[in-house]
Amino acid sequence: MSPLLNPRPTRNHDPLPATGRAGRNLPAAIGVAVVLIAVVLGSLAFYKVIFVGVVVLAVCGALWELAAAFARKRIRLPLAPLWLGTLGISVCAWEVGAEAAFGAYVATVGACVLWSFMDQAGHDIPRTDAHDEVRRSRSSAAAASVFAATYLPFLAGFAVLLLVQEHGVGKVMMLIALAAANDTGGWMAGITFGRHPLAPSVSPKKSWEGLMGSLIAAVATGAGCVWAIGGPWWTGAALGACTVIVSTLGDLGESLLKRDLGLKDMGTLLPGHGGIMDRLDSILVAAPLVYAFTLLVK
């Protein structure tokens, strides 16, 4: 099978040398961040459908990273239906709406499960224990594919649904700003004041002081963003606080996954940041929250 659809297991690589107390290579991290922000803002400023393409490419790249990570446990993700489903969910969200996007997600899950169970259908293995191993492999791949379809293309579809709303560009920028505020505020407070671990067995670098930094930055960002698009600032403050909660849970969940897979980062495509999934985690879990907020608060 092609390496494109069957990537080799991810290996841990030594990160770029850290600078100062940052815990990462700041020049590389800042440079990559500037490029990513420029790509997103450029797609939103010139032609909004380009942003949909950016979402599809980012999610497909993250799925490839996830497939390489799962390969460490001999679990093969069905990348072909996942990639096709990513395109389908995003296009349906852009062209039709939430109902069509959900239908595309259900179809993607069904196709992935079917693909996973048929993937080794042609293998005739006479020994019973080998048959049991194949069945376990199929079941693991099917479960992993449902997780992948939900975590990446389904959640990313909410970002596209935000874009097609009134003031859609501003709402997408609010989503990205909230995720950035959560990450940056927590990182700055953590390296400056961090003394008390938040979840040492899961993510040793996270601290309660960092969580407070995330809360302050996200509440201020949410209040400012909602006020800028004509909404009551206090609802934006509440949105910022809720974003910190779901983003922290999502980040800890990814840390648990990486720990189980024996990985420090999901990939190395973004120097100073890790992989695409390491940058998408906060945005993905915050997207449905921000979308629900825009429906409830007019």
# chains A, B, ... in the order shown; residues from 1 in each chain; ligands from 1
>>> residues_around(residues="A:Leu252", least_positions_apart="3", cutoff="8 Å", atoms="only C-alpha atoms", output="PyMOL selection string")
chain A and resi 202-203+248-249+255-256
>>> residues_around(residues="stretch 75-79 of chain A", least_positions_apart="2", cutoff="10 Å", atoms="only C-alpha atoms", output="PyMOL selection string")
chain A and resi 4-7+9+60+63-64+66-73+81-85+111-116+119+136-146+148
>>> closest_residue(among="A:Ala107, A:Ala100, A:Val172, A:Ala58", to="A:Ala45", atoms="only C-alpha atoms")
A:Val172
>>> residues_around(residues="A:Val226", least_positions_apart="5", cutoff="12 Å", atoms="only C-alpha atoms", output="list of chain:residue names")
A:His167, A:Gly170, A:Lys171, A:Val172, A:Met173, A:Met174, A:Leu175, A:Ala177, A:Leu178, A:Ala218, A:Val219, A:Ala220, A:Thr221, A:Gly231, A:Pro232, A:Trp233, A:Trp234, A:Thr235, A:Gly236, A:Ala237, A:Ala238, A:Leu239, A:Gly240, A:Val290, A:Phe293, A:Thr294, A:Val297, A:Lys298
>>> write_last_selection(atoms="N, CA, C and O atoms", output="short mmCIF file (atom, residue, chain, number, x, y, z; two decimals), in the first residue's frame")
data_model
loop_
_atom_site.label_atom_id
_atom_site.label_comp_id
_atom_site.auth_asym_id
_atom_site.auth_seq_id
_atom_site.Cartn_x
_atom_site.Cartn_y
_atom_site.Cartn_z
N HIS A 167 -21.64 38.03 9.89
CA HIS A 167 -20.37 38.38 10.55
C HIS A 167 -19.49 37.14 10.71
O HIS A 167 -18.78 36.99 11.71
N GLY A 170 -15.68 37.58 11.33
CA GLY A 170 -15.40 38.00 12.70
C GLY A 170 -15.56 36.86 13.69
O GLY A 170 -14.79 36.75 14.65
N LYS A 171 -16.52 35.99 13.47
CA LYS A 171 -16.74 34.87 14.39
C LYS A 171 -15.63 33.84 14.28
O LYS A 171 -15.21 33.26 15.29
N VAL A 172 -15.15 33.58 13.07
CA VAL A 172 -14.02 32.65 12.92
C VAL A 172 -12.78 33.24 13.57
O VAL A 172 -12.02 32.53 14.26
N MET A 173 -12.56 34.55 13.37
CA MET A 173 -11.41 35.19 14.01
C MET A 173 -11.54 35.14 15.53
O MET A 173 -10.55 35.00 16.25
N MET A 174 -12.79 35.25 16.04
CA MET A 174 -13.00 35.14 17.49
C MET A 174 -12.62 33.74 17.97
O MET A 174 -11.99 33.59 19.03
N LEU A 175 -13.01 32.71 17.23
CA LEU A 175 -12.66 31.34 17.59
C LEU A 175 -11.14 31.18 17.68
O LEU A 175 -10.61 30.63 18.66
N ALA A 177 -8.89 33.57 17.97
CA ALA A 177 -8.34 34.43 19.01
C ALA A 177 -8.52 33.82 20.39
O ALA A 177 -7.63 33.91 21.25
N LEU A 178 -9.67 33.19 20.64
CA LEU A 178 -9.91 32.56 21.93
C LEU A 178 -8.94 31.40 22.16
O LEU A 178 -8.39 31.25 23.26
N ALA A 218 -8.36 34.59 28.06
CA ALA A 218 -9.52 34.20 27.26
C ALA A 218 -10.76 35.02 27.62
O ALA A 218 -11.55 35.37 26.72
N VAL A 219 -10.96 35.31 28.88
CA VAL A 219 -12.11 36.14 29.28
C VAL A 219 -12.00 37.53 28.67
O VAL A 219 -12.98 38.07 28.12
N ALA A 220 -10.81 38.12 28.73
CA ALA A 220 -10.62 39.45 28.14
C ALA A 220 -10.80 39.41 26.63
O ALA A 220 -11.44 40.29 26.03
N THR A 221 -10.27 38.37 25.99
CA THR A 221 -10.39 38.25 24.53
C THR A 221 -11.84 38.03 24.13
O THR A 221 -12.33 38.64 23.16
N GLY A 231 -22.21 42.39 20.22
CA GLY A 231 -22.89 41.64 21.28
C GLY A 231 -22.53 42.16 22.65
O GLY A 231 -21.60 42.97 22.81
N PRO A 232 -23.24 41.72 23.70
CA PRO A 232 -22.93 42.15 25.07
C PRO A 232 -21.61 41.56 25.54
O PRO A 232 -21.41 40.35 25.45
N TRP A 233 -20.75 42.40 26.06
CA TRP A 233 -19.40 41.96 26.40
C TRP A 233 -19.38 40.87 27.45
O TRP A 233 -18.52 39.99 27.43
N TRP A 234 -20.34 40.90 28.37
CA TRP A 234 -20.31 39.93 29.46
C TRP A 234 -20.57 38.51 28.97
O TRP A 234 -20.09 37.54 29.56
N THR A 235 -21.34 38.38 27.88
CA THR A 235 -21.52 37.04 27.31
C THR A 235 -20.22 36.53 26.70
O THR A 235 -19.92 35.33 26.74
N GLY A 236 -19.44 37.47 26.14
CA GLY A 236 -18.14 37.09 25.60
C GLY A 236 -17.18 36.65 26.70
O GLY A 236 -16.38 35.72 26.51
N ALA A 237 -17.28 37.31 27.86
CA ALA A 237 -16.45 36.90 28.99
C ALA A 237 -16.81 35.48 29.43
O ALA A 237 -15.92 34.66 29.73
N ALA A 238 -18.12 35.18 29.47
CA ALA A 238 -18.55 33.83 29.83
C ALA A 238 -18.07 32.82 28.79
O ALA A 238 -17.65 31.70 29.13
N LEU A 239 -18.14 33.20 27.51
CA LEU A 239 -17.66 32.31 26.45
C LEU A 239 -16.17 32.03 26.62
O LEU A 239 -15.72 30.90 26.45
N GLY A 240 -15.40 33.07 26.96
CA GLY A 240 -13.97 32.88 27.17
C GLY A 240 -13.68 31.91 28.30
O GLY A 240 -12.80 31.04 28.18
N VAL A 290 -18.24 27.69 20.40
CA VAL A 290 -18.46 29.03 19.83
C VAL A 290 -19.66 29.02 18.89
O VAL A 290 -20.45 29.97 18.88
N PHE A 293 -22.74 29.08 20.95
CA PHE A 293 -22.87 30.41 21.52
C PHE A 293 -23.51 31.38 20.52
O PHE A 293 -24.38 32.17 20.89
N THR A 294 -23.07 31.30 19.26
CA THR A 294 -23.60 32.23 18.25
C THR A 294 -25.07 31.96 17.96
O THR A 294 -25.81 32.86 17.53
N VAL A 297 -26.88 33.34 21.52
CA VAL A 297 -26.73 34.77 21.81
C VAL A 297 -26.77 35.53 20.50
O VAL A 297 -25.82 35.48 19.72
N LYS A 298 -27.84 36.19 20.25
CA LYS A 298 -28.00 36.95 19.00
C LYS A 298 -27.55 38.40 19.20
O LYS A 298 -27.75 38.98 20.25
#
>>> atom_distance(atom1="atom CA of A:Gly103", atom2="atom CA of A:Ile89")
8.1 Å
>>> decode(residues="stretch 84-103 of chain A", atoms="N, CA, C and O atoms", output="mmCIF file, in the first residue's frame")
data_model
loop_
_atom_site.group_PDB
_atom_site.id
_atom_site.type_symbol
_atom_site.label_atom_id
_atom_site.label_comp_id
_atom_site.auth_asym_id
_atom_site.auth_seq_id
_atom_site.Cartn_x
_atom_site.Cartn_y
_atom_site.Cartn_z
ATOM 1 N N LEU A 84 -11.881 11.808 2.193
ATOM 2 C CA LEU A 84 -13.071 12.116 1.404
ATOM 3 C C LEU A 84 -14.172 12.681 2.308
ATOM 4 O O LEU A 84 -14.877 13.627 1.932
ATOM 5 N N GLY A 85 -14.325 12.110 3.497
ATOM 6 C CA GLY A 85 -15.318 12.606 4.432
ATOM 7 C C GLY A 85 -15.010 14.015 4.905
ATOM 8 O O GLY A 85 -15.929 14.825 5.110
ATOM 9 N N THR A 86 -13.743 14.323 5.100
ATOM 10 C CA THR A 86 -13.355 15.685 5.488
ATOM 11 C C THR A 86 -13.808 16.693 4.444
ATOM 12 O O THR A 86 -14.383 17.747 4.784
ATOM 13 N N LEU A 87 -13.568 16.373 3.176
ATOM 14 C CA LEU A 87 -14.015 17.247 2.094
ATOM 15 C C LEU A 87 -15.533 17.344 2.080
ATOM 16 O O LEU A 87 -16.100 18.446 1.956
ATOM 17 N N GLY A 88 -16.209 16.203 2.228
ATOM 18 C CA GLY A 88 -17.666 16.199 2.186
ATOM 19 C C GLY A 88 -18.291 17.002 3.315
ATOM 20 O O GLY A 88 -19.230 17.772 3.102
ATOM 21 N N ILE A 89 -17.794 16.839 4.533
ATOM 22 C CA ILE A 89 -18.343 17.564 5.676
ATOM 23 C C ILE A 89 -18.152 19.073 5.504
ATOM 24 O O ILE A 89 -19.079 19.860 5.729
ATOM 25 N N SER A 90 -16.965 19.474 5.079
ATOM 26 C CA SER A 90 -16.691 20.905 4.926
ATOM 27 C C SER A 90 -17.520 21.522 3.799
ATOM 28 O O SER A 90 -18.066 22.620 3.951
ATOM 29 N N VAL A 91 -17.615 20.823 2.676
ATOM 30 C CA VAL A 91 -18.393 21.347 1.550
ATOM 31 C C VAL A 91 -19.876 21.420 1.910
ATOM 32 O O VAL A 91 -20.558 22.403 1.596
ATOM 33 N N CYS A 92 -20.392 20.391 2.587
ATOM 34 C CA CYS A 92 -21.800 20.407 3.001
ATOM 35 C C CYS A 92 -22.069 21.541 3.986
ATOM 36 O O CYS A 92 -23.107 22.202 3.905
ATOM 37 N N ALA A 93 -21.142 21.758 4.916
ATOM 38 C CA ALA A 93 -21.308 22.858 5.865
ATOM 39 C C ALA A 93 -21.308 24.199 5.144
ATOM 40 O O ALA A 93 -22.089 25.106 5.483
ATOM 41 N N TRP A 94 -20.492 24.335 4.129
ATOM 42 C CA TRP A 94 -20.372 25.587 3.389
ATOM 43 C C TRP A 94 -21.563 25.814 2.462
ATOM 44 O O TRP A 94 -22.119 26.908 2.408
ATOM 45 N N GLU A 95 -21.977 24.786 1.759
ATOM 46 C CA GLU A 95 -22.996 24.935 0.726
ATOM 47 C C GLU A 95 -24.429 24.787 1.254
ATOM 48 O O GLU A 95 -25.346 25.440 0.748
ATOM 49 N N VAL A 96 -24.640 23.923 2.258
ATOM 50 C CA VAL A 96 -26.006 23.594 2.683
ATOM 51 C C VAL A 96 -26.267 24.004 4.119
ATOM 52 O O VAL A 96 -27.194 24.761 4.408
ATOM 53 N N GLY A 97 -25.484 23.491 5.060
ATOM 54 C CA GLY A 97 -25.711 23.837 6.453
ATOM 55 C C GLY A 97 -25.408 22.701 7.400
ATOM 56 O O GLY A 97 -24.836 21.666 7.023
ATOM 57 N N ALA A 98 -25.831 22.887 8.647
ATOM 58 C CA ALA A 98 -25.474 21.948 9.713
ATOM 59 C C ALA A 98 -26.050 20.559 9.486
ATOM 60 O O ALA A 98 -25.377 19.552 9.730
ATOM 61 N N GLU A 99 -27.301 20.472 9.021
ATOM 62 C CA GLU A 99 -27.923 19.159 8.839
ATOM 63 C C GLU A 99 -27.173 18.335 7.797
ATOM 64 O O GLU A 99 -26.922 17.136 7.987
ATOM 65 N N ALA A 100 -26.823 18.977 6.692
ATOM 66 C CA ALA A 100 -26.089 18.262 5.646
ATOM 67 C C ALA A 100 -24.698 17.870 6.127
ATOM 68 O O ALA A 100 -24.212 16.764 5.808
ATOM 69 N N ALA A 101 -24.051 18.744 6.900
ATOM 70 C CA ALA A 101 -22.725 18.419 7.422
ATOM 71 C C ALA A 101 -22.797 17.219 8.363
ATOM 72 O O ALA A 101 -21.924 16.339 8.338
ATOM 73 N N PHE A 102 -23.847 17.173 9.187
ATOM 74 C CA PHE A 102 -23.992 16.026 10.090
ATOM 75 C C PHE A 102 -24.260 14.746 9.292
ATOM 76 O O PHE A 102 -23.740 13.675 9.628
ATOM 77 N N GLY A 103 -25.053 14.859 8.241
ATOM 78 C CA GLY A 103 -25.294 13.696 7.387
ATOM 79 C C GLY A 103 -24.011 13.197 6.752
ATOM 80 O O GLY A 103 -23.776 11.982 6.663
#
